[in-house]
Structure formats: C-alpha cells, structure tokens
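Structure file coords.csv with CSV, C-alpha atoms and all ligand atoms:
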```csv
chain,number,residue,atom,x,y,z
Y,203,MET,CA,135.7,132.6,128.9
Y,204,ILE,CA,134.6,134.2,132.2
Y,205,ARG,CA,131.8,136.7,131.5
Y,206,LYS,CA,132.0,140.0,133.2
Y,207,ASN,CA,129.3,140.9,135.7
Y,208,THR,CA,126.9,143.2,133.9
Y,209,ILE,CA,124.4,145.8,134.7
Y,210,LEU,CA,121.7,146.2,132.0
Y,211,ILE,CA,119.8,149.5,131.7
Y,212,THR,CA,116.8,149.6,129.5
Y,213,GLY,CA,115.4,152.9,128.4
Y,214,ALA,CA,118.9,154.2,128.8
Y,215,ASP,CA,118.4,157.2,126.6
Y,216,GLY,CA,115.6,158.6,128.8
Y,217,GLU,CA,116.4,161.1,131.5
Y,218,VAL,CA,116.6,158.6,134.4
Y,219,GLY,CA,118.8,156.5,132.2
Y,220,HIS,CA,121.1,159.4,131.6
Y,221,GLY,CA,121.4,160.2,135.3
Y,222,LEU,CA,122.0,156.5,136.2
Y,223,ILE,CA,124.8,156.2,133.6
Y,224,ARG,CA,126.5,159.4,134.8
Y,225,GLN,CA,126.4,158.1,138.3
Y,226,LEU,CA,127.5,154.5,137.7
Y,227,SER,CA,130.1,155.0,135.0
Y,228,PRO,CA,132.9,156.5,137.2
Y,229,LEU,CA,132.5,153.9,140.0
Y,230,PRO,CA,135.7,151.9,140.5
Y,231,ASP,CA,135.5,148.2,139.8
Y,232,ARG,CA,132.0,148.5,138.5
Y,233,PRO,CA,130.3,145.8,136.5
Y,234,ALA,CA,130.1,146.3,132.7
Y,235,LEU,CA,127.4,148.8,131.7
Y,236,VAL,CA,125.3,147.5,128.8
Y,237,VAL,CA,122.6,149.9,127.7
Y,238,LEU,CA,119.5,149.3,125.6
Y,239,ASP,CA,117.2,151.9,124.1
Y,240,ILE,CA,115.2,152.2,120.9
Y,241,ARG,CA,117.2,155.4,120.3
Y,242,LYS,CA,120.9,155.6,120.0
Y,243,LEU,CA,122.4,156.8,123.3
Y,244,ASP,CA,123.0,160.5,123.5
Y,245,ARG,CA,126.5,161.4,122.2
Y,246,SER,CA,127.7,162.8,125.5
Y,247,LEU,CA,127.2,159.5,127.2
Y,248,ARG,CA,128.6,157.1,124.6
Y,249,GLY,CA,132.1,157.0,126.1
Y,250,LEU,CA,130.7,156.2,129.6
Y,251,VAL,CA,129.3,152.7,128.9
Y,252,ASP,CA,130.7,149.4,127.7
Y,253,ARG,CA,128.1,148.5,125.1
Y,254,ILE,CA,125.3,150.4,123.4
Y,255,ILE,CA,122.5,148.4,121.9
Y,256,VAL,CA,119.9,150.2,119.8
Y,257,GLY,CA,116.9,147.9,120.1
Y,258,ASP,CA,113.5,147.1,121.4
Y,259,VAL,CA,112.5,145.5,124.7
Y,260,LEU,CA,109.9,143.7,122.5
Y,261,ASP,CA,112.6,141.9,120.5
Y,262,THR,CA,112.9,138.6,122.4
Y,263,LYS,CA,115.7,137.4,120.1
Y,264,LEU,CA,117.8,140.4,121.0
Y,265,LEU,CA,117.2,139.8,124.7
Y,266,GLU,CA,118.1,136.1,124.4
Y,267,THR,CA,121.4,137.1,122.7
Y,268,LEU,CA,122.1,139.5,125.6
Y,269,SER,CA,121.5,136.8,128.1
Y,270,THR,CA,124.0,134.5,126.5
Y,271,GLU,CA,126.6,137.2,126.0
Y,272,TYR,CA,126.6,138.7,129.5
Y,273,GLU,CA,126.4,137.6,133.1
Y,274,ILE,CA,123.6,139.9,134.0
Y,275,ASP,CA,123.6,140.7,137.7
Y,276,THR,CA,121.2,143.7,137.8
Y,277,ILE,CA,118.7,145.1,135.4
Y,278,PHE,CA,117.4,148.7,135.8
Y,279,HIS,CA,114.2,148.5,133.7
Y,280,LEU,CA,113.4,152.1,132.8
Y,281,ALA,CA,112.0,151.7,129.2
Y,282,ALA,CA,108.4,152.9,129.0
Y,283,LEU,CA,106.1,155.3,127.2
Y,284,LEU,CA,105.1,157.9,129.8
Y,285,SER,CA,101.5,158.9,130.7
Y,286,THR,CA,100.7,161.5,128.1
Y,287,SER,CA,102.3,159.6,125.2
Y,288,SER,CA,100.5,156.4,126.4
Y,289,GLU,CA,97.1,158.1,126.2
Y,290,PHE,CA,97.7,158.9,122.5
Y,291,ASN,CA,98.4,155.3,121.7
Y,292,PRO,CA,97.2,153.1,124.5
Y,293,GLU,CA,97.7,149.7,122.8
Y,294,THR,CA,101.3,150.5,121.8
Y,295,ALA,CA,101.9,151.7,125.4
Y,296,HIS,CA,100.5,148.4,126.7
Y,297,ARG,CA,102.9,146.5,124.4
Y,298,VAL,CA,106.0,148.4,125.4
Y,299,ASN,CA,105.2,148.9,129.0
Y,300,VAL,CA,103.7,145.5,129.9
Y,301,GLN,CA,105.0,143.0,127.3
Y,302,GLY,CA,108.4,144.7,127.4
Y,303,THR,CA,108.5,144.2,131.2
Y,304,VAL,CA,107.3,140.5,130.9
Y,305,ASN,CA,110.1,139.9,128.4
Y,306,LEU,CA,112.7,141.3,130.8
Y,307,LEU,CA,111.3,139.4,133.7
Y,308,LYS,CA,111.4,136.2,131.7
Y,309,LEU,CA,115.0,136.9,130.7
Y,310,SER,CA,115.7,137.4,134.4
Y,311,VAL,CA,114.2,134.1,135.6
Y,312,ASP,CA,115.9,132.1,132.9
Y,313,HIS,CA,119.2,133.9,133.4
Y,314,GLY,CA,119.0,133.5,137.2
Y,315,LEU,CA,118.6,129.8,136.7
Y,316,THR,CA,121.7,129.5,134.5
Y,317,ARG,CA,123.8,131.5,136.9
Y,318,GLY,CA,122.3,129.9,140.1
Y,319,LYS,CA,121.4,133.3,141.6
Y,320,PRO,CA,118.4,135.5,141.1
Y,321,VAL,CA,118.9,138.5,138.9
Y,322,LYS,CA,118.3,141.8,140.7
Y,323,PHE,CA,115.5,143.5,138.8
Y,324,VAL,CA,115.0,147.2,139.7
Y,325,TYR,CA,111.8,148.6,138.3
Y,326,ALA,CA,110.8,152.2,137.9
Y,327,SER,CA,107.1,152.6,138.7
Y,328,SER,CA,105.2,155.8,139.2
Y,329,ILE,CA,102.6,157.7,141.2
Y,330,ALA,CA,100.5,157.2,138.1
Y,331,ALA,CA,99.7,153.8,139.6
Y,332,TYR,CA,97.4,155.7,141.9
Y,333,GLY,CA,93.9,157.0,141.1
Y,334,MET,CA,92.3,159.4,143.6
Y,335,PRO,CA,88.5,159.3,143.1
Y,336,ASN,CA,88.1,163.1,143.4
Y,337,LEU,CA,89.8,166.3,144.4
Y,338,GLU,CA,88.2,166.3,147.8
Y,339,THR,CA,89.7,162.9,148.6
Y,340,LYS,CA,93.0,163.9,147.2
Y,341,THR,CA,93.0,167.0,149.5
Y,342,SER,CA,92.0,165.1,152.6
Y,343,ALA,CA,94.0,161.9,152.1
Y,344,GLY,CA,97.3,163.2,153.3
Y,345,LYS,CA,100.3,161.0,152.6
Y,346,VAL,CA,99.0,158.0,150.7
Y,347,SER,CA,100.6,154.6,151.4
Y,348,GLU,CA,101.7,152.1,148.8
Y,349,ASP,CA,98.5,150.0,149.1
Y,350,ASP,CA,95.8,152.6,148.9
Y,351,TYR,CA,93.9,154.3,146.1
Y,352,LEU,CA,95.2,152.0,143.4
Y,353,HIS,CA,92.7,152.8,140.7
Y,354,PRO,CA,94.7,154.4,137.9
Y,355,ILE,CA,92.9,156.3,135.2
Y,356,THR,CA,95.7,156.2,132.6
Y,357,MET,CA,97.0,153.4,130.4
Y,358,TYR,CA,100.5,154.2,131.7
Y,359,GLY,CA,99.2,153.9,135.4
Y,360,CYS,CA,97.4,150.7,134.7
Y,361,ASN,CA,100.6,149.3,133.0
Y,362,LYS,CA,102.8,150.4,135.9
Y,363,LEU,CA,100.5,148.9,138.6
Y,364,TYR,CA,100.1,145.7,136.7
Y,365,CYS,CA,103.9,145.4,136.2
Y,366,GLU,CA,104.4,145.8,140.0
Y,367,HIS,CA,102.1,142.8,140.4
Y,368,LEU,CA,104.0,140.9,137.7
Y,369,GLY,CA,107.2,141.6,139.5
Y,370,ARG,CA,105.7,140.1,142.7
Y,371,TYR,CA,104.5,137.1,140.7
Y,372,TYR,CA,107.9,136.5,139.0
Y,373,ALA,CA,109.7,137.0,142.3
Y,374,ARG,CA,107.6,134.6,144.4
Y,375,TYR,CA,105.2,132.5,142.4
Y,376,TYR,CA,106.5,132.0,138.9
Y,377,GLN,CA,105.5,128.5,137.7
Y,378,GLN,CA,104.4,127.7,141.2
Y,379,LEU,CA,102.8,124.4,140.1
Y,380,SER,CA,105.8,122.9,138.2
Y,381,ALA,CA,107.8,120.1,139.9
Y,382,THR,CA,111.0,122.2,139.9
Y,383,ARG,CA,110.5,125.6,141.5
Y,384,SER,CA,111.9,128.6,139.8
Y,385,ILE,CA,114.8,130.6,141.3
Y,386,GLY,CA,112.7,133.7,140.8
Y,387,VAL,CA,113.8,137.3,140.4
Y,388,ASP,CA,115.0,139.7,143.0
Y,389,PHE,CA,112.4,142.3,142.1
Y,390,ARG,CA,112.6,145.7,143.7
Y,391,CYS,CA,110.5,148.7,142.7
Y,392,VAL,CA,110.4,152.4,143.4
Y,393,ARG,CA,107.3,154.3,142.8
Y,394,PHE,CA,108.6,157.7,141.6
Y,395,PRO,CA,106.8,161.0,142.0
Y,396,GLY,CA,107.2,163.7,139.3
Y,397,LEU,CA,110.9,164.0,138.4
Y,398,ILE,CA,112.7,167.3,137.7
Y,399,SER,CA,116.1,167.4,136.1
Y,400,ALA,CA,118.1,170.5,135.4
Y,401,ILE,CA,119.9,168.8,132.5
Y,402,THR,CA,117.3,166.9,130.5
Y,403,LEU,CA,113.6,167.3,129.8
Y,404,PRO,CA,111.1,164.3,130.0
Y,405,THR,CA,109.3,163.2,126.9
Y,406,GLY,CA,105.6,162.6,127.1
Y,407,GLY,CA,104.9,162.7,130.8
Y,408,THR,CA,102.1,164.5,132.6
Y,409,SER,CA,104.1,165.9,135.5
Y,410,ASP,CA,106.2,167.7,132.8
Y,411,TYR,CA,104.7,171.1,133.6
Y,412,ALA,CA,107.3,171.4,136.4
Y,413,PRO,CA,110.5,170.8,134.5
Y,414,GLU,CA,109.0,172.6,131.5
Y,415,MET,CA,108.3,175.8,133.4
Y,416,LEU,CA,111.9,175.8,134.7
Y,417,HIS,CA,113.6,175.0,131.4
Y,418,ALA,CA,111.4,177.5,129.4
Y,419,THR,CA,112.1,180.3,131.9
Y,420,ALA,CA,115.8,179.6,131.9
Y,421,GLN,CA,115.8,180.0,128.1
Y,422,ARG,CA,113.8,183.3,128.5
Y,423,LYS,CA,110.7,181.8,127.0
Y,424,ALA,CA,107.1,182.4,128.3
Y,425,TYR,CA,105.4,179.2,129.6
Y,426,ALA,CA,101.8,178.4,130.0
Y,427,ALA,CA,101.4,175.4,132.4
Y,428,PHE,CA,98.6,173.0,131.4
Y,429,VAL,CA,97.4,172.7,135.0
Y,430,ARG,CA,95.7,174.9,137.6
Y,431,GLU,CA,97.9,176.9,140.0
Y,432,ASP,CA,96.8,174.8,143.0
Y,433,THR,CA,97.6,171.5,141.3
Y,434,THR,CA,99.7,169.5,143.8
Y,435,ILE,CA,101.7,166.3,143.5
Y,436,PRO,CA,104.9,165.1,145.0
Y,437,PHE,CA,108.2,165.8,143.2
Y,438,MET,CA,111.8,164.8,143.4
Y,439,VAL,CA,114.9,166.1,141.6
Y,440,MET,CA,116.9,163.7,139.4
Y,441,PRO,CA,119.9,163.2,141.7
Y,442,ASP,CA,117.6,161.9,144.4
Y,443,ALA,CA,115.8,159.7,141.9
Y,444,ILE,CA,119.1,158.1,141.0
Y,445,LYS,CA,120.0,157.9,144.6
Y,446,ALA,CA,116.8,156.0,145.3
Y,447,LEU,CA,117.4,153.5,142.5
Y,448,LEU,CA,120.9,152.8,143.6
Y,449,ALA,CA,120.1,152.6,147.3
Y,450,LEU,CA,117.3,150.1,146.7
Y,451,ALA,CA,119.5,148.0,144.5
Y,452,ALA,CA,122.2,148.0,147.1
Y,453,ALA,CA,120.0,147.2,150.1
Y,454,PRO,CA,120.6,143.8,151.7
Y,455,ARG,CA,117.9,141.4,150.6
Y,456,GLU,CA,116.8,140.6,154.2
Y,457,GLN,CA,116.0,144.3,154.8
Y,458,ILE,CA,113.5,144.4,151.9
Y,459,THR,CA,110.1,143.7,153.3
Y,460,ARG,CA,108.0,144.6,150.3
Y,461,GLN,CA,108.2,144.6,146.5
Y,462,VAL,CA,107.1,148.2,145.9
Y,463,TYR,CA,108.3,151.4,147.7
Y,464,ASN,CA,107.1,154.9,147.5
Y,465,VAL,CA,109.9,157.5,147.5
Y,466,SER,CA,109.3,161.3,147.7
Y,467,SER,CA,111.1,164.6,148.4
Y,468,PHE,CA,108.6,167.5,148.4
Y,469,SER,CA,105.0,168.0,147.6
Y,470,ARG,CA,104.2,171.4,146.2
Y,471,SER,CA,101.6,173.1,144.0
Y,472,ALA,CA,102.3,174.3,140.4
Y,473,GLY,CA,102.0,177.9,141.8
Y,474,GLN,CA,104.6,177.2,144.5
Y,475,LEU,CA,107.0,175.8,141.9
Y,476,ALA,CA,106.4,178.8,139.7
Y,477,ASP,CA,107.2,181.1,142.7
Y,478,MET,CA,110.5,179.4,143.1
Y,479,VAL,CA,111.3,179.7,139.5
Y,480,LYS,CA,110.4,183.4,139.6
Y,481,ARG,CA,112.6,184.0,142.7
Y,482,ALA,CA,115.6,182.9,140.6
Y,483,PHE,CA,114.4,184.5,137.3
Y,484,PRO,CA,112.3,187.5,138.2
Y,485,GLU,CA,111.4,188.2,134.6
Y,486,ALA,CA,109.7,184.7,134.3
Y,487,ALA,CA,106.4,184.7,132.4
Y,488,ILE,CA,104.6,181.7,133.7
Y,489,SER,CA,100.8,181.3,133.4
Y,490,PHE,CA,98.3,178.6,134.1
Y,491,LYS,CA,95.6,177.3,131.8
Y,492,SER,CA,93.8,174.3,133.3
Y,493,SER,CA,91.5,173.7,130.3
Y,494,ASP,CA,94.0,171.0,129.2
Y,495,ALA,CA,92.6,167.5,129.4
Y,496,ARG,CA,95.8,166.5,131.2
Y,497,GLN,CA,94.5,168.4,134.3
Y,498,ASN,CA,92.3,165.4,135.1
Y,499,ILE,CA,95.2,163.0,135.0
Y,500,VAL,CA,97.3,165.1,137.5
Y,501,ASP,CA,94.2,165.5,139.7
Y,502,SER,CA,94.0,161.7,139.9
Y,503,TRP,CA,97.5,161.5,141.4
Y,504,PRO,CA,97.9,161.9,145.1
Y,505,ALA,CA,99.0,165.2,146.6
Y,506,ASP,CA,101.7,163.4,148.7
Y,507,VAL,CA,102.9,159.9,149.3
Y,508,ASP,CA,104.0,158.1,152.4
Y,509,ASP,CA,107.6,156.8,151.9
Y,510,SER,CA,108.2,155.7,155.5
Y,511,ALA,CA,108.6,152.0,154.4
Y,512,ALA,CA,111.6,153.0,152.2
Y,513,ARG,CA,113.0,155.2,155.0
Y,514,HIS,CA,112.7,152.3,157.5
Y,515,ASP,CA,113.8,149.4,155.3
Y,516,TRP,CA,116.7,150.8,153.3
Y,517,GLY,CA,117.4,154.1,154.8
Y,518,TRP,CA,115.8,156.2,152.1
Y,519,ALA,CA,116.2,160.0,152.6
Y,520,PRO,CA,116.3,162.6,149.8
Y,521,ASP,CA,119.3,164.9,149.7
Y,522,TYR,CA,117.2,167.7,148.3
Y,523,GLY,CA,114.2,169.2,150.1
Y,524,PHE,CA,112.2,171.9,148.3
Y,525,ASP,CA,114.5,174.9,149.0
Y,526,ARG,CA,117.7,172.9,148.5
Y,527,ALA,CA,116.4,171.4,145.3
Y,528,PHE,CA,116.1,174.8,143.7
Y,529,ASP,CA,119.0,176.7,145.5
Y,530,ASP,CA,121.7,174.0,145.2
Y,531,TYR,CA,120.7,171.9,142.2
Y,532,LEU,CA,118.1,173.2,139.8
Y,533,ILE,CA,118.9,176.9,139.5
Y,534,PRO,CA,122.7,176.7,139.5
Y,535,THR,CA,122.8,173.8,137.1
Y,536,ILE,CA,120.2,175.1,134.7
Y,537,ARG,CA,121.9,178.5,134.6
Y,538,GLY,CA,125.1,176.7,133.4
Y,539,ARG,CA,123.1,174.5,131.0
Y,540,TYR,CA,121.6,177.4,129.1
Y,541,GLN,CA,124.3,180.0,129.6
Y,542,SER,CA,125.7,179.7,126.1
Y,543,THR,CA,122.3,179.7,124.4
Y,544,THR,CA,120.7,182.7,126.2
Y,601,LIG,N1,106.3,161.6,135.2
Y,601,LIG,C1,105.5,160.5,134.8
Y,601,LIG,C2,104.5,161.0,133.8
Y,601,LIG,O1,104.2,162.2,133.9
Y,601,LIG,C3,104.7,160.0,136.0
Y,601,LIG,O2,105.5,159.1,136.6
Y,601,LIG,O3,104.1,160.3,133.0
```
Show me the file's structure as structure tokens.
Ligand code: SER
Amino acid sequence: MIRKNTILITGADGEVGHGLIRQLSPLPDRPALVVLDIRKLDRSLRGLVDRIIVGDVLDTKLLETLSTEYEIDTIFHLAALLSTSSEFNPETAHRVNVQGTVNLLKLSVDHGLTRGKPVKFVYASSIAAYGMPNLETKTSAGKVSEDDYLHPITMYGCNKLYCEHLGRYYARYYQQLSATRSIGVDFRCVRFPGLISAITLPTGGTSDYAPEMLHATAQRKAYAAFVREDTTIPFMVMPDAIKALLALAAAPREQITRQVYNVSSFSRSAGQLADMVKRAFPEAAISFKSSDARQNIVDSWPADVDDSAARHDWGWAPDYGFDRAFDDYLIPTIRGRYQSTT
C-alpha cells in the first residue's frame, strides 16, 4: 500500500491550528491532513481534515502508531500550554511543552530514517523566549534580534527557548557519536509575537489582553486590561501568523540560514490598541489595571523584534500593518462574528 503524504498538526484545536487548517484544507492536491489535539477538533473544522485524533503528545504509543500509518512529510508542532496557564502549573507545562516536543522530534528522526528523507518540523516558538532585564532596557533596546536577551522569566518561555535548542540539536547533532549518523530533522521555527484573531480567542496566554479587549468590546462588554496603558509588545494578526508558518515551511532548504526566525507585524502599546478598538466601537469601555501579576511577564518581553533574517532568507513580509490589520481584517471580521449575538 502506498501511504499518502501527510501533514501532521499538533495542538490543532488551538487558534493557530484552526487558522492553519482553514488555509491548508482547500489547497488542491494537498497532502492528507492529520490533526492531533487533547480536545476534539471544533465542529466547524471536522469536515476539513482527513483524520482527527484526540490524544496527547505525551502518548508515545499513539505517536508510534501514527508513524507507521502515515508517511509524514511535515509536522506543525503547535501543542503547548501558553504562558499564563504554565505559571499555574509549571511542571505540567514542562511535560507538555518540552517532553511533548522531544516525543515529536524523536518521531521525526525515526520517521525520516525510514522514509530516507528528513521530516520537516515547523515549530511555533514565542517572544516569551526573551527576558528583558528591566523596563529601561526594554525601552532602549529597539528591535531585538533572535540571539539577544534570552533570559525568559516564565516556564513557558524557558520551555520554548529550550525547545528551540532541542530543534537545533535534533537537526544537526542527534546521536553525533554513534557510528551511523542520523538523518536528522528539517527543523524550522518561528518566534511569534502576540497573536490576534478576529475569530477565536487564545486560552491561557499573557498577550491575551489585546484580543480580549477587541472581542469583549465587539460583544458590548466592558473590559479591564491587566496591563498598563503604555505596555508595548509586538503583535501580528492570525492570517499573517499562518502566512509565516506556511512560508517558512515552503522555503527552499538552502535559503534557510538559521533554525529560529523572528516574525513581526506591528509594535503598539495597549493604549494604542484600545484607541483603534474605540475608533471602530466608540462606545467601548476599556480600562487598564496594572496591578495584575501578569504585568511583570509582559514587561519582560521586548517592545519590538528584528525580523530582518526572515525577510531576507524566505521573503517574510506581513500582509497586515497596524491600520490594515484593524480596518481590513479585525474590525470587519469581528463585526460579522458577533453580529447575531449582539
Ligand atoms: N501569546 C503567548 C502567550 O501569551 C506568547 O507567545 O503566552
């Protein structure tokens, strides 16, 4: 039996997973889409994929079965506990975020060996991998490159940074002392800024104040952001996040000069985001209360990142700058999203 070329998406029921499935599903002659998540895939997406597996990235038996059933060409590894959730249960986060990634990397090296070609492993990392030492440095640092200020203060950030290193290890040095060298993994990683979708809400992140203020306002609810008004980090809207994942996956191997790439669209303060929301919904009731302990986490993330390597190596450019993100994507889509409920 010839096995069909397959794309495996972990964390498929998260909001990046949703975006990826919607984008990949209609493509002509696409590989089979096999999706894995601890939760059953949202009903609206069930008809768009070839197989839905409800399961855990920690279940190595399940992963072995997948490896024998499918010819896995590409893995989009999205499954993770986000930064806020991880702080409430750091050891669980470590298991899911790190051991889960090791399990998938191991599946990839073994699978690559059987098919005689490395598996493409696209990993979603995060600005949480950074740790700015203080607000002064954050303000003066400008656009931070991939290799600076890597001292994360969250379990999630530590996990993401370590998994970036694991990706490099499995790609280049796996079992480097054994007589037969491994085929490795074609590991490629984007470090995402805060993501904003008009369709879905994230669960358990710390950049969530941005999507939350928009979704609450669109439902005519008041919203108290858990950060100061001047809190600034880079953001990107979901269509650009999906664009980045697919562009990196499609880039010719010889153009990839590094394992980890920053990608970004716009860097704005929470106050500036709120102003944009108010422009569209003048009745918006958005306030700021920075007493929340999460303030410290967002303050440790850079105000902006340098994504010139991605732009240079694989032609990264976001479709949505700040104005366009709101005018052409967020506001019109979210109006449609809540029209029937408001
Ligand atoms: N959005 C993520 C979080 O807040 C950061 O990548 O955890």
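Between atom CA of Phe437 of chain Y and atom CA of Ile223 of chain Y there is a distance of 21.4 Å.
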With only C-alpha atoms as the counted atoms, please give the residues lying no more than 7 Å from segment 282-289 of chain Y, apart from itself and same-chain residues fewer than 2 positions off, as a PyMOL selection string. chain Y and resi 280+291-292+295+298-299+356-358+406-408
Please provide as a ChimeraX atom specification all residues within 8 Å of Ile209 of chain Y, with the sequence filter that same-chain residues fewer than 2 positions apart are discarded (counting all atoms listed in the file). /Y:207,211,233-236,274-278
Can you spit out the residues from that selection as an mmCIF file, keeping the file's coordinate frame, using C-alpha atoms?
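part.cif written:
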```
data_model
loop_
_atom_site.group_PDB
_atom_site.id
_atom_site.type_symbol
_atom_site.label_atom_id
_atom_site.label_comp_id
_atom_site.auth_asym_id
_atom_site.auth_seq_id
_atom_site.Cartn_x
_atom_site.Cartn_y
_atom_site.Cartn_z
ATOM 1 C CA ASN Y 207 129.300 140.900 135.700
ATOM 2 C CA ILE Y 211 119.800 149.500 131.700
ATOM 3 C CA PRO Y 233 130.300 145.800 136.500
ATOM 4 C CA ALA Y 234 130.100 146.300 132.700
ATOM 5 C CA LEU Y 235 127.400 148.800 131.700
ATOM 6 C CA VAL Y 236 125.300 147.500 128.800
ATOM 7 C CA ILE Y 274 123.600 139.900 134.000
ATOM 8 C CA ASP Y 275 123.600 140.700 137.700
ATOM 9 C CA THR Y 276 121.200 143.700 137.800
ATOM 10 C CA ILE Y 277 118.700 145.100 135.400
ATOM 11 C CA PHE Y 278 117.400 148.700 135.800
#
```
For Ala452 of chain Y: contacts at 10 Å, all atoms listed in the file, fewer than 4 positions along chain excluded, given as a PyMOL selection string: chain Y and resi 322+446-448+516
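The shortest atom-to-atom distance to ligand LIG 601 (chain Y), with all atoms listed in the file taken into account, belongs to Y:Met440 out of Y:Leu268, Y:Val251, Y:Met440, Y:Leu315.
Closest approach to ligand LIG 601 (chain Y) from the set Y:Ile488, Y:Ile385, Y:Cys360, Y:Ala482 is made by Y:Cys360, with distances taken over only C-alpha atoms and all ligand atoms.
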